[in-house]
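Q: Input structure: my_file.cif, which contains mmCIF, C-alpha atoms.
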data_query
#
loop_
_atom_site.label_atom_id
_atom_site.label_comp_id
_atom_site.auth_asym_id
_atom_site.auth_seq_id
_atom_site.Cartn_x
_atom_site.Cartn_y
_atom_site.Cartn_z
CA MET P 24 21.14 7.00 29.41
CA HIS P 25 20.65 3.23 29.60
CA ASN P 26 23.46 0.88 30.55
CA THR P 27 22.12 -2.12 28.66
CA LYS P 28 24.36 -2.77 25.68
CA VAL P 29 23.20 -3.88 22.24
CA THR P 30 25.49 -6.46 20.67
CA ARG P 31 25.52 -7.81 17.11
CA HIS P 32 25.88 -11.44 16.07
CA PHE P 33 25.83 -13.85 13.11
CA MET P 34 24.80 -17.47 12.73
CA ASP P 35 24.65 -19.86 9.77
CA GLY P 36 21.13 -20.19 8.36
CA GLU P 37 19.50 -21.95 5.45
CA PHE P 38 20.42 -19.15 3.01
CA GLY P 39 23.76 -18.19 4.51
CA GLN P 40 24.53 -16.02 7.49
CA LEU P 41 21.74 -14.47 9.56
CA HIS P 42 22.45 -11.31 11.50
CA TYR P 43 20.74 -10.26 14.71
CA ARG P 44 21.02 -7.75 17.54
CA MET P 45 20.64 -8.61 21.23
CA ALA P 46 20.29 -6.75 24.51
CA GLY P 47 19.74 -7.88 28.09
CA GLU P 48 19.78 -11.38 29.51
CA ALA P 49 17.36 -14.27 29.53
CA SER P 50 15.00 -14.28 32.51
CA ALA P 51 11.68 -15.77 33.56
CA LYS P 52 9.98 -13.30 31.22
CA PRO P 53 9.53 -14.14 27.53
CA THR P 54 12.21 -12.91 25.17
CA ILE P 55 10.99 -9.97 23.08
CA VAL P 56 11.69 -10.61 19.39
CA CYS P 57 11.47 -7.58 17.08
CA LEU P 58 10.87 -8.01 13.34
CA HIS P 59 11.42 -5.17 10.88
CA MET P 60 9.61 -3.78 7.86
CA VAL P 61 11.27 -4.02 4.45
CA PRO P 62 13.56 -2.87 3.02
CA LYS P 63 14.85 -2.00 6.51
CA SER P 64 16.61 -4.18 9.09
CA SER P 65 17.05 -4.86 12.79
CA ARG P 66 18.67 -1.42 12.95
CA SER P 67 15.13 -0.05 13.22
CA TYR P 68 15.12 -1.27 16.83
CA GLN P 69 18.58 -0.08 17.86
CA TYR P 70 17.31 2.56 20.31
CA ILE P 71 14.38 0.64 21.78
CA LEU P 72 16.14 -2.69 22.40
CA PRO P 73 17.97 -1.48 25.56
CA LEU P 74 14.70 -0.12 26.95
CA LEU P 75 12.97 -3.47 26.44
CA ALA P 76 15.85 -5.45 27.92
CA GLN P 77 16.02 -4.16 31.49
CA ASP P 78 14.68 -7.41 32.95
CA ARG P 79 14.61 -9.81 29.99
CA LEU P 80 16.30 -10.64 26.69
CA ALA P 81 15.40 -8.61 23.59
CA ILE P 82 16.39 -9.56 20.04
CA ALA P 83 15.97 -7.99 16.60
CA ILE P 84 16.59 -10.17 13.54
CA ASP P 85 17.48 -9.35 9.91
CA TYR P 86 15.54 -11.44 7.40
CA PRO P 87 17.46 -13.13 4.59
CA GLY P 88 18.39 -10.41 2.11
CA TYR P 89 18.10 -7.46 4.51
CA GLY P 90 20.50 -5.69 6.82
CA GLU P 91 23.56 -7.88 7.25
CA SER P 92 21.88 -11.23 6.52
CA SER P 93 22.72 -13.15 3.36
CA ALA P 94 20.15 -13.06 0.58
CA PRO P 95 18.22 -16.04 -0.83
CA PHE P 96 19.64 -17.17 -4.15
CA ASP P 97 16.49 -16.25 -6.10
CA GLU P 98 13.30 -14.25 -5.60
CA SER P 99 11.10 -17.34 -5.38
CA ARG P 100 12.71 -18.14 -2.02
CA ALA P 101 12.00 -14.67 -0.64
CA SER P 102 8.68 -15.14 1.15
CA ILE P 103 7.03 -14.42 4.46
CA GLU P 104 7.26 -18.15 5.17
CA THR P 105 11.02 -18.06 4.56
CA TYR P 106 11.44 -15.05 6.84
CA ALA P 107 9.40 -16.73 9.59
CA HIS P 108 11.50 -19.89 9.37
CA ALA P 109 14.66 -17.78 9.54
CA VAL P 110 13.37 -16.21 12.78
CA TRP P 111 12.98 -19.63 14.35
CA GLN P 112 16.45 -20.65 13.11
CA VAL P 113 17.94 -17.79 15.12
CA LEU P 114 15.82 -18.52 18.18
CA LYS P 115 16.63 -22.23 18.07
CA HIS P 116 20.33 -21.36 17.76
CA LEU P 117 20.02 -19.24 20.92
CA GLY P 118 17.94 -21.80 22.81
CA VAL P 119 15.01 -19.38 23.12
CA THR P 120 11.71 -21.21 23.52
CA TYR P 121 9.26 -18.60 24.86
CA VAL P 122 8.80 -15.27 23.11
CA ASP P 123 6.77 -12.11 22.69
CA PHE P 124 6.81 -10.89 19.09
CA VAL P 125 6.81 -7.34 17.74
CA GLY P 126 6.36 -6.91 13.99
CA TYR P 127 6.39 -3.70 11.96
CA HIS P 128 4.54 -3.61 8.57
CA THR P 129 6.09 -6.61 6.73
CA GLY P 130 7.19 -7.75 10.17
CA CYS P 131 3.52 -7.99 11.16
CA MET P 132 3.08 -10.77 8.64
CA VAL P 133 6.34 -12.43 9.67
CA SER P 134 5.50 -12.30 13.38
CA VAL P 135 2.01 -13.77 12.98
CA ARG P 136 3.23 -16.46 10.57
CA ALA P 137 6.07 -17.34 12.98
CA ALA P 138 3.55 -17.55 15.84
CA GLN P 139 1.39 -19.91 13.80
CA LEU P 140 4.40 -22.11 13.00
CA GLN P 141 5.37 -22.61 16.67
CA PRO P 142 2.35 -21.51 18.75
CA GLN P 143 3.53 -23.34 21.86
CA TRP P 144 6.57 -21.07 22.09
CA VAL P 145 4.71 -17.76 21.80
CA ASN P 146 3.12 -15.64 24.51
CA LYS P 147 1.83 -12.42 22.87
CA VAL P 148 2.17 -10.50 19.61
CA ILE P 149 2.31 -6.79 18.77
CA ASN P 150 1.74 -5.63 15.22
CA ILE P 151 2.75 -2.09 14.33
CA ALA P 152 0.01 -1.59 11.73
CA ALA P 153 -2.01 -4.43 10.26
CA PRO P 154 -1.37 -4.85 6.53
CA VAL P 155 -4.89 -6.02 5.68
CA PHE P 156 -4.92 -5.63 1.90
CA LEU P 157 -8.05 -6.04 -0.18
CA GLU P 158 -7.69 -8.45 -3.06
CA SER P 159 -8.59 -5.59 -5.38
CA GLU P 160 -5.67 -3.42 -4.24
CA VAL P 161 -2.83 -5.97 -4.12
CA GLN P 162 -1.86 -5.46 -7.77
CA THR P 163 -1.86 -1.69 -7.26
CA PHE P 164 0.67 -2.07 -4.46
CA CYS P 165 2.75 -4.52 -6.51
CA ASP P 166 2.91 -1.95 -9.30
CA MET P 167 3.72 0.89 -6.90
CA PHE P 168 6.65 -1.00 -5.37
CA ALA P 169 7.97 -2.63 -8.52
CA PRO P 170 11.78 -2.38 -8.67
CA ILE P 171 12.99 0.82 -10.30
CA PRO P 172 15.79 0.17 -12.84
CA LEU P 173 19.13 1.79 -12.26
CA ASP P 174 20.04 4.69 -14.53
CA GLU P 175 22.71 7.37 -14.62
CA GLU P 176 20.23 10.01 -13.49
CA GLY P 177 19.67 8.17 -10.20
CA THR P 178 15.90 7.92 -10.69
CA ARG P 179 15.60 5.04 -8.21
CA PHE P 180 17.34 7.01 -5.48
CA ARG P 181 15.42 10.20 -6.13
CA ILE P 182 12.10 8.35 -5.84
CA MET P 183 13.30 6.53 -2.72
CA TRP P 184 14.21 9.83 -1.08
CA GLU P 185 10.94 11.48 -2.12
CA ARG P 186 9.03 8.61 -0.52
CA VAL P 187 11.06 8.85 2.69
CA ILE P 188 10.29 12.57 2.96
CA HIS P 189 6.63 12.13 1.98
CA TYR P 190 6.01 9.56 4.74
CA ARG P 191 8.21 11.31 7.32
CA GLY P 192 6.48 11.27 10.68
CA PRO P 193 6.55 13.65 13.67
CA GLY P 194 9.97 13.88 15.29
CA MET P 195 11.77 12.25 12.34
CA SER P 196 14.83 14.40 11.69
CA LEU P 197 16.58 14.70 8.34
CA GLU P 198 19.38 12.59 9.78
CA MET P 199 16.84 9.87 10.58
CA CYS P 200 15.51 10.19 7.03
CA ALA P 201 19.03 9.72 5.69
CA ASP P 202 19.47 6.61 7.86
CA SER P 203 16.18 5.25 6.50
CA MET P 204 17.35 5.90 2.94
CA ALA P 205 20.63 4.10 3.63
CA GLU P 206 18.72 1.04 4.85
CA ASN P 207 16.80 0.97 1.56
CA LEU P 208 20.05 0.72 -0.38
CA ARG P 209 21.44 -2.27 1.47
CA GLY P 210 19.16 -4.75 -0.31
CA GLY P 211 20.84 -4.04 -3.65
CA GLU P 212 18.90 -5.25 -6.66
CA ALA P 213 16.77 -7.47 -4.40
CA TYR P 214 15.53 -4.52 -2.34
CA GLU P 215 11.87 -4.99 -3.34
CA TRP P 216 11.71 -8.79 -2.90
CA GLY P 217 10.29 -8.37 0.59
CA HIS P 218 7.50 -6.07 -0.52
CA MET P 219 6.47 -8.53 -3.21
CA ALA P 220 6.56 -11.33 -0.61
CA ALA P 221 4.23 -9.29 1.62
CA PHE P 222 1.71 -8.51 -1.11
CA HIS P 223 1.58 -12.15 -2.18
CA HIS P 224 1.01 -13.12 1.47
CA ALA P 225 -1.94 -10.75 1.94
CA ALA P 226 -4.69 -13.39 2.07
CA GLN P 227 -2.67 -15.67 4.35
CA TYR P 228 -2.10 -12.84 6.83
CA ILE P 229 -5.85 -12.36 7.21
CA GLU P 230 -6.31 -16.09 7.80
CA ASP P 231 -3.45 -16.09 10.30
CA ILE P 232 -4.86 -13.29 12.44
CA LYS P 233 -8.35 -14.82 12.31
CA THR P 234 -7.04 -18.05 13.84
CA LEU P 235 -4.18 -16.70 15.99
CA PRO P 236 -4.47 -18.23 19.48
CA HIS P 237 -2.27 -15.55 21.07
CA ARG P 238 -3.26 -12.11 22.32
CA LEU P 239 -2.67 -9.59 19.51
CA PHE P 240 -2.21 -5.84 20.03
CA VAL P 241 -2.36 -3.74 16.84
CA MET P 242 -0.81 -0.28 17.00
CA ASN P 243 -2.39 1.93 14.34
CA LEU P 244 -0.12 4.83 13.44
CA ASN P 245 -0.77 7.84 11.24
CA ASP P 246 1.26 6.37 8.40
CA ASP P 247 0.83 4.74 5.00
CA MET P 248 -0.83 1.65 6.53
CA ARG P 249 -3.50 3.51 8.51
CA VAL P 250 -6.39 2.63 6.18
CA GLN P 251 -5.37 -1.03 5.99
CA SER P 252 -4.90 -1.24 9.76
CA GLU P 253 -8.40 0.01 10.48
CA ARG P 254 -9.78 -3.06 8.71
CA VAL P 255 -8.26 -5.45 11.25
CA ASP P 256 -11.09 -5.25 13.80
CA ALA P 257 -13.28 -7.58 11.76
CA TYR P 258 -10.68 -10.35 11.96
CA LEU P 259 -9.38 -10.11 15.52
CA LYS P 260 -10.14 -13.22 17.52
CA ASN P 261 -8.26 -12.38 20.70
CA GLY P 262 -6.92 -8.86 20.50
CA PHE P 263 -7.51 -5.17 19.99
CA ARG P 264 -6.45 -2.15 17.98
CA LYS P 265 -5.30 1.09 19.57
CA ASP P 266 -4.72 4.28 17.58
CA TYR P 267 -1.54 6.34 17.94
CA PHE P 268 -2.14 9.15 15.51
CA GLN P 269 0.48 11.30 17.23
CA TRP P 270 3.11 8.94 15.80
CA GLY P 271 4.14 8.01 12.28
CA THR P 272 7.14 6.79 10.32
CA GLY P 273 10.34 7.17 12.34
CA PHE P 274 8.59 6.88 15.71
CA LEU P 275 10.91 4.13 16.97
CA ASP P 276 13.87 6.50 16.62
CA ALA P 277 12.06 9.65 17.74
CA PHE P 278 10.10 8.35 20.76
CA PRO P 279 11.68 5.08 21.96
CA GLU P 280 10.93 5.61 25.67
CA GLN P 281 7.22 6.19 25.13
CA VAL P 282 6.92 3.30 22.70
CA ALA P 283 8.76 0.90 24.99
CA ALA P 284 6.42 1.82 27.84
CA GLU P 285 3.39 0.89 25.69
CA TRP P 286 4.89 -2.43 24.63
CA LEU P 287 5.98 -3.44 28.11
CA ALA P 288 2.58 -2.52 29.56
CA PHE P 289 1.00 -4.99 27.15
CA PHE P 290 3.57 -7.72 27.62
CA ASP P 291 3.46 -7.33 31.42
CA ASP P 292 -0.35 -7.53 31.55
CA LYS P 293 -1.02 -3.90 32.36
CA THR P 294 -4.22 -2.42 30.95
CA LEU P 295 -4.07 -0.70 27.54
CA SER P 296 -7.58 -1.13 26.18
#
Take the structure from the file and write it as structure tokens.
A:
Amino acid sequence: MHNTKVTRHFMDGEFGQLHYRMAGEASAKPTIVCLHMVPKSSRSYQYILPLLAQDRLAIAIDYPGYGESSAPFDESRASIETYAHAVWQVLKHLGVTYVDFVGYHTGCMVSVRAAQLQPQWVNKVINIAAPVFLESEVQTFCDMFAPIPLDEEGTRFRIMWERVIHYRGPGMSLEMCADSMAENLRGGEAYEWGHMAAFHHAAQYIEDIKTLPHRLFVMNLNDDMRVQSERVDAYLKNGFRKDYFQWGTGFLDAFPEQVAAEWLAFFDDKTLS
């Protein structure tokens, strides 16, 4: 349906090879940089990248340890700060110096942290959800997403699949659910490092959005971050939240045309709020 091709690439980063997807060509418009939730990868954006790239460059990057990117050598190096630095390693490698960020769940934290690291190179930011965790609930989430030991009964995989089905959103087919499950498995025994990194970054994310100099658009879906996302209004300095309760988990695969239209309207200065 769309002629723009998505290509896949590797570069050498601080922790080994970094993998990323690209579509379109650089233009006068900022490059759109898409950052995934964990334990997923840039594959989350495979259908929307061509739609974003009709008149600009669009990129989706795998953090260290996810997708096809090499993993850090120990969990202490798996952090939102590490992921944000990895993003800039890819962009520096490509010579990209002006960007619009899109972050999804964990990617929200990565996108805002990356924007704070190099604010002069950033135009606008979209966060799909806003993981605003209360201090009192961080440990609960850490316990919920603690790594599940392997056993011969496949307990880890059964629980993974049950969670995929439980959070399945409108339009998310069983094939899409299977793809989501497959992404979970690619992190191996480090699959939960990213979740732990996000929970430990909770307070910093709030500080980052409070002081973010860029326009921030928060998309609040009907998913497992809805309650946390509704807390973001109190911290927005230069942005807004818009609710999309018709969408949930899997919406990037199920409704890429509609989602791309919303993102491009924001990035191209068309009214959303």
Q: With the file shown as input, list the residues that the PyMOL selection byres ((chain P and resi 274) around 12) selects, as a short mmCIF file (atom, residue, chain, number, x, y, z; two decimals) with C-alpha atoms, in the coordinates of the input.
A:
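Below is the file that was written, expr21.cif:
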data_model
loop_
_atom_site.label_atom_id
_atom_site.label_comp_id
_atom_site.auth_asym_id
_atom_site.auth_seq_id
_atom_site.Cartn_x
_atom_site.Cartn_y
_atom_site.Cartn_z
CA SER P 67 15.13 -0.05 13.22
CA TYR P 68 15.12 -1.27 16.83
CA TYR P 70 17.31 2.56 20.31
CA ILE P 71 14.38 0.64 21.78
CA TYR P 127 6.39 -3.70 11.96
CA ILE P 151 2.75 -2.09 14.33
CA TYR P 190 6.01 9.56 4.74
CA ARG P 191 8.21 11.31 7.32
CA GLY P 192 6.48 11.27 10.68
CA PRO P 193 6.55 13.65 13.67
CA GLY P 194 9.97 13.88 15.29
CA MET P 195 11.77 12.25 12.34
CA SER P 196 14.83 14.40 11.69
CA MET P 199 16.84 9.87 10.58
CA CYS P 200 15.51 10.19 7.03
CA MET P 242 -0.81 -0.28 17.00
CA LEU P 244 -0.12 4.83 13.44
CA ASN P 245 -0.77 7.84 11.24
CA ASP P 246 1.26 6.37 8.40
CA TYR P 267 -1.54 6.34 17.94
CA PHE P 268 -2.14 9.15 15.51
CA GLN P 269 0.48 11.30 17.23
CA TRP P 270 3.11 8.94 15.80
CA GLY P 271 4.14 8.01 12.28
CA THR P 272 7.14 6.79 10.32
CA GLY P 273 10.34 7.17 12.34
CA LEU P 275 10.91 4.13 16.97
CA ASP P 276 13.87 6.50 16.62
CA ALA P 277 12.06 9.65 17.74
CA PHE P 278 10.10 8.35 20.76
CA PRO P 279 11.68 5.08 21.96
CA GLU P 280 10.93 5.61 25.67
CA GLN P 281 7.22 6.19 25.13
CA VAL P 282 6.92 3.30 22.70
CA ALA P 283 8.76 0.90 24.99
#
Q: Can you give me, as a list in words, the residues this file yields under the PyMOL selection byres ((chain P and resi 108-125) around 6)?
A: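 With the shown file as input, the PyMOL selection byres ((chain P and resi 108-125) around 6) matches Pro53, Thr54, Ile55, Val56, Cys57, Thr105, Tyr106, Ala107, Gly126, Trp144, Val145, Asn146, Lys147, Val148, Ile149 and Asn150 of chain P.
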Q: Report the distance between atom CA of P:Phe222 and atom CA of P:Gln143 in Å, rounded to one decimal place.
A: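 Here the two named atoms are 27.4 Å from each other.
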Q: Can you spell out as a list of chain:residue names the set of residues that the PyMOL selection byres ((chain P and resi 135) around 9) selects in the structure I just provided?
A: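 On the file shown, the PyMOL selection byres ((chain P and resi 135) around 9) covers P:Ala107, P:Phe124, P:Gly126, P:Gly130, P:Cys131, P:Met132, P:Val133, P:Ser134, P:Arg136, P:Ala137, P:Ala138, P:Gln139, P:Leu140, P:Val148, P:Asn150, P:Tyr228, P:Asp231, P:Ile232, P:Leu235.
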Q: At what distance in Å, to one decimal, does atom CA of P:Ala152 lie from atom CA of P:His128?
A: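 Value for the atom CA of P:His128-atom CA of P:Ala152 distance: 5.9 Å.
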Q: For P:Gly211, which residue among P:Glu175, P:Asp85, P:Glu185, P:Glu91 is the nearest when counting all atoms listed in the file?
A: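 Smallest separation from P:Gly211 among the options: P:Glu91.
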Q: Once 5 Å is added on each side, what centre and edge lengths in Å to one decimal does the axis-aligned box around all listed atoms of stretch 156-159 of chain P have, as AutoDock Vina command-line options?
A:
--center_x -6.8 --center_y -7.0 --center_z -1.7 --size_x 13.7 --size_y 12.9 --size_z 17.3
Q: Please determine the residues with any atom at most 10 Å from (-3.2, -5.8, -3.8) (coordinates as given in the file, with all atoms listed in the file counting) and report them as number ranges by chain.
A: P: 155-166, 221-226
Q: Quick one: write out the picked residues with C-alpha atoms as a PDB file, keeping the file's coordinate frame?
A:
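Done, and the output landed in result11.pdb:
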ATOM      1  CA  VAL P 155      -4.890  -6.020   5.680  1.00  0.00           C
ATOM      2  CA  PHE P 156      -4.920  -5.630   1.900  1.00  0.00           C
ATOM      3  CA  LEU P 157      -8.050  -6.040  -0.180  1.00  0.00           C
ATOM      4  CA  GLU P 158      -7.690  -8.450  -3.060  1.00  0.00           C
ATOM      5  CA  SER P 159      -8.590  -5.590  -5.380  1.00  0.00           C
ATOM      6  CA  GLU P 160      -5.670  -3.420  -4.240  1.00  0.00           C
ATOM      7  CA  VAL P 161      -2.830  -5.970  -4.120  1.00  0.00           C
ATOM      8  CA  GLN P 162      -1.860  -5.460  -7.770  1.00  0.00           C
ATOM      9  CA  THR P 163      -1.860  -1.690  -7.260  1.00  0.00           C
ATOM     10  CA  PHE P 164       0.670  -2.070  -4.460  1.00  0.00           C
ATOM     11  CA  CYS P 165       2.750  -4.520  -6.510  1.00  0.00           C
ATOM     12  CA  ASP P 166       2.910  -1.950  -9.300  1.00  0.00           C
ATOM     13  CA  ALA P 221       4.230  -9.290   1.620  1.00  0.00           C
ATOM     14  CA  PHE P 222       1.710  -8.510  -1.110  1.00  0.00           C
ATOM     15  CA  HIS P 223       1.580 -12.150  -2.180  1.00  0.00           C
ATOM     16  CA  HIS P 224       1.010 -13.120   1.470  1.00  0.00           C
ATOM     17  CA  ALA P 225      -1.940 -10.750   1.940  1.00  0.00           C
ATOM     18  CA  ALA P 226      -4.690 -13.390   2.070  1.00  0.00           C
TER      19      ALA P 226
END
Q: Can you work out which one of P:Glu215, P:Phe263, P:Leu80, P:Gly210 has the shortest atom-to-atom distance to P:Met167, counting all atoms listed in the file?
A: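 Nearest candidate to P:Met167 out of P:Glu215, P:Phe263, P:Leu80, P:Gly210: P:Glu215.
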Q: Looking at P:Val241, P:Trp286, P:Asn26, P:Ala83, which one is nearest to P:Met45, with distances taken over all atoms listed in the file?
A: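 So, comparing all the options, the nearest one is P:Ala83.
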Q: What does the distance between atom CA of P:Asn243 and atom CA of P:Asp291 come to in Å, to one decimal place?
A: 20.3 Å
Q: I'd like the neighbourhood of P:Arg79 as a PyMOL selection string, where a residue qualifies if any of its atoms comes within 9 Å (using all atoms listed in the file), though same-chain residues fewer than 5 positions away should be ignored.
A: chain P and resi 46-55
Q: Let me make sure I understand: among P:Arg264, P:Ala153, P:Pro62, P:Pro170, which one has the smallest atom-to-atom distance to P:Ser252 if we use all atoms listed in the file?
A: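 Nearest candidate to P:Ser252 out of P:Arg264, P:Ala153, P:Pro62, P:Pro170: P:Ala153.
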Q: Using only C-alpha atoms and a cutoff of 7 Å, can you tell me which residues are near (9.6, -4.7, 4.4) in the file's coordinates, and write them out as an MDAnalysis selection string?
A: chainID P and resid 59:63 128:130 217:218
Q: Leaving out stretch 259-261 of chain P and any residue of its chain fewer than 3 positions from it, which residues lie within 8 Å of it when counting only C-alpha atoms, given as a PDB file with C-alpha atoms, in the coordinates of the input?
A:
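Ended up saving to around.pdb:
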ATOM      1  CA  ILE P 232      -4.860 -13.290  12.440  1.00  0.00           C
ATOM      2  CA  LYS P 233      -8.350 -14.820  12.310  1.00  0.00           C
ATOM      3  CA  THR P 234      -7.040 -18.050  13.840  1.00  0.00           C
ATOM      4  CA  LEU P 235      -4.180 -16.700  15.990  1.00  0.00           C
ATOM      5  CA  PRO P 236      -4.470 -18.230  19.480  1.00  0.00           C
ATOM      6  CA  HIS P 237      -2.270 -15.550  21.070  1.00  0.00           C
ATOM      7  CA  ARG P 238      -3.260 -12.110  22.320  1.00  0.00           C
ATOM      8  CA  LEU P 239      -2.670  -9.590  19.510  1.00  0.00           C
ATOM      9  CA  VAL P 255      -8.260  -5.450  11.250  1.00  0.00           C
ATOM     10  CA  ASP P 256     -11.090  -5.250  13.800  1.00  0.00           C
TER      11      ASP P 256
END
Q: Pick from P:Arg209, P:Arg66, P:Arg249, P:Arg179: nearest to P:Ala94, with all atoms listed in the file counted?
A: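 Distance minimum relative to P:Ala94 lands on P:Arg209.
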